[in-house]
Amino acid sequence: MAMDHLTSDEEILCWIDQHGNKTIWVGIDAPIIAPNRSGTSRLVDKKITTLFGRYHAGVYPGNRERCARPIRFSKKLAAKGFSPDPFLSSRSGRRQLEIFPHLAQIAFFGRKRIIKYKKGIIEEKRKGLRRLQNTIARLLPKQSPPLRPSPTLRELLGQDPGKLRGMRLKGLEDRLDALLCAYMTLYFWRWGTERCAVFGDLRSGYIVGPKIKDEGERRKRW
């Protein structure tokens, strides 16, 4: 898996242009469809929080004002031929999908609670990020398709959060979120609705995630 750290819309779109017209799927960790007005929440956000709140995997309410940037970016991708429709059956072509990385944690790591690394004092964040790095390195290579090692991946998972603070610590958090988002997109490309679920709809907004096994099946591996 090749990994580049890009931040602006222009950098990301340029990277996409450099990869020509071949099949590209883009996973976005933010609402790309949120037609509801400011101060309200999407139906899918409420559904995810109801279903997975017990795992501490609730989502922030999305609306067209709060999510202005990802909605704009989604439209730029659509202009380049990236369909936001998660219900298409074909694995070829260009697609863009909204992904929620916390659902990947629950499914792939078999956790009863997500690993927490976004809030709290700096030492708690560092501890959570290190746990997330170690868990990704240990378990995602065992999934199907496996997360394959690369120099950039080893650098990301081996970076010491204890030596970071401020924006550098936030940068590590963002890159790990992006890694989970990218892997979940690959997983959906490979398995589709056989092992994944689309919560919500194309009109009011949706989130793609792996199907979560119930407690009686959590010990079984795909």
# chains A, B, ... in the order shown; residues from 1 in each chain; ligands from 1
$ closest_atom_pairs --of "region 137-209 of chain A" --to "region 98-116 of chain A" --cutoff "8 Å" --atoms "only C-alpha atoms" --output "CSV"
residue,atom,partner,partner_atom,distance
A:Leu139,CA,A:Phe109,CA,6.8
A:Leu140,CA,A:Phe108,CA,7.2
A:Gln143,CA,A:Phe108,CA,7.6
A:Asp177,CA,A:Pro101,CA,6.4
A:Leu180,CA,A:Pro101,CA,5.6
A:Cys181,CA,A:Pro101,CA,5.5
A:Met184,CA,A:Ala104,CA,6.7
A:Thr185,CA,A:Ile99,CA,7.4
A:Tyr206,CA,A:Glu98,CA,6.9
A:Ile207,CA,A:Glu98,CA,5.3
A:Val208,CA,A:Ile99,CA,5.2
A:Gly209,CA,A:Leu103,CA,5.8
$ residues_around --residues "Ser38 (chain A)" --least-positions-apart "6" --cutoff "12 Å" --atoms "only C-alpha atoms" --output "NGL selection string"
:A and (61-68)
$ write_last_selection --atoms "N, CA and C atoms" --output "PDB file, in the first residue's frame"
ATOM      1  N   PRO A  61     -22.950  14.865  14.814  1.00  0.00           N
ATOM      2  CA  PRO A  61     -24.020  15.158  13.852  1.00  0.00           C
ATOM      3  C   PRO A  61     -23.501  15.954  12.663  1.00  0.00           C
ATOM      4  N   GLY A  62     -23.842  15.496  11.476  1.00  0.00           N
ATOM      5  CA  GLY A  62     -23.411  16.180  10.257  1.00  0.00           C
ATOM      6  C   GLY A  62     -24.546  16.968   9.635  1.00  0.00           C
ATOM      7  N   ASN A  63     -24.226  18.122   9.070  1.00  0.00           N
ATOM      8  CA  ASN A  63     -25.195  18.909   8.313  1.00  0.00           C
ATOM      9  C   ASN A  63     -24.441  19.717   7.268  1.00  0.00           C
ATOM     10  N   ARG A  64     -25.167  20.400   6.399  1.00  0.00           N
ATOM     11  CA  ARG A  64     -24.533  21.032   5.244  1.00  0.00           C
ATOM     12  C   ARG A  64     -23.603  22.179   5.622  1.00  0.00           C
ATOM     13  N   GLU A  65     -23.801  22.788   6.787  1.00  0.00           N
ATOM     14  CA  GLU A  65     -22.903  23.851   7.217  1.00  0.00           C
ATOM     15  C   GLU A  65     -21.656  23.279   7.872  1.00  0.00           C
ATOM     16  N   ARG A  66     -21.828  22.358   8.798  1.00  0.00           N
ATOM     17  CA  ARG A  66     -20.705  21.753   9.503  1.00  0.00           C
ATOM     18  C   ARG A  66     -19.781  20.993   8.548  1.00  0.00           C
ATOM     19  N   CYS A  67     -20.355  20.429   7.502  1.00  0.00           N
ATOM     20  CA  CYS A  67     -19.593  19.552   6.598  1.00  0.00           C
ATOM     21  C   CYS A  67     -19.370  20.195   5.236  1.00  0.00           C
ATOM     22  N   ALA A  68     -19.251  21.504   5.212  1.00  0.00           N
ATOM     23  CA  ALA A  68     -19.140  22.225   3.943  1.00  0.00           C
ATOM     24  C   ALA A  68     -17.937  21.758   3.126  1.00  0.00           C
TER      25      ALA A  68
END
$ select_by_dssp --residues "region 83-132 of chain A" --states "helix (DSSP H, G or I)" --output "list in words"
Pro101, His102, Leu103, Ala104, Gln105, Ile106, Ala107, Phe108, Phe109, Ile122, Glu123, Glu124, Lys125, Arg126, Lys127, Gly128, Leu129, Arg130, Arg131 and Leu132 of chain A
$ atom_distance --atom1 "CA of Arg203 (chain A)" --atom2 "CA of Ile71 (chain A)"
13.2 Å
$ residues_around --residues "region 16-18 of chain A" --least-positions-apart "4" --cutoff "12 Å" --atoms "only C-alpha atoms" --output "ChimeraX atom specification"
/A:4,6,9-12,22-26,76-77,80-82,94
$ write_last_selection --atoms "C-alpha atoms" --output "mmCIF file, in the first residue's frame"
data_model
loop_
_atom_site.group_PDB
_atom_site.id
_atom_site.type_symbol
_atom_site.label_atom_id
_atom_site.label_comp_id
_atom_site.auth_asym_id
_atom_site.auth_seq_id
_atom_site.Cartn_x
_atom_site.Cartn_y
_atom_site.Cartn_z
ATOM 1 C CA ASP A 4 1.375 9.840 0.715
ATOM 2 C CA LEU A 6 -1.531 15.189 1.443
ATOM 3 C CA ASP A 9 -8.039 19.495 -1.826
ATOM 4 C CA GLU A 10 -5.728 20.610 -4.614
ATOM 5 C CA GLU A 11 -2.927 18.241 -3.553
ATOM 6 C CA ILE A 12 -5.293 15.297 -3.339
ATOM 7 C CA LYS A 22 -7.583 3.504 -13.885
ATOM 8 C CA THR A 23 -9.909 2.270 -11.151
ATOM 9 C CA ILE A 24 -9.578 4.411 -8.041
ATOM 10 C CA TRP A 25 -11.756 4.219 -4.958
ATOM 11 C CA VAL A 26 -11.576 7.078 -2.464
ATOM 12 C CA LYS A 76 -15.014 18.072 -7.163
ATOM 13 C CA LEU A 77 -14.533 14.312 -7.206
ATOM 14 C CA LYS A 80 -13.830 13.825 -12.226
ATOM 15 C CA GLY A 81 -16.154 10.845 -12.554
ATOM 16 C CA PHE A 82 -16.169 9.555 -8.969
ATOM 17 C CA ARG A 94 -14.104 5.587 -9.925
#
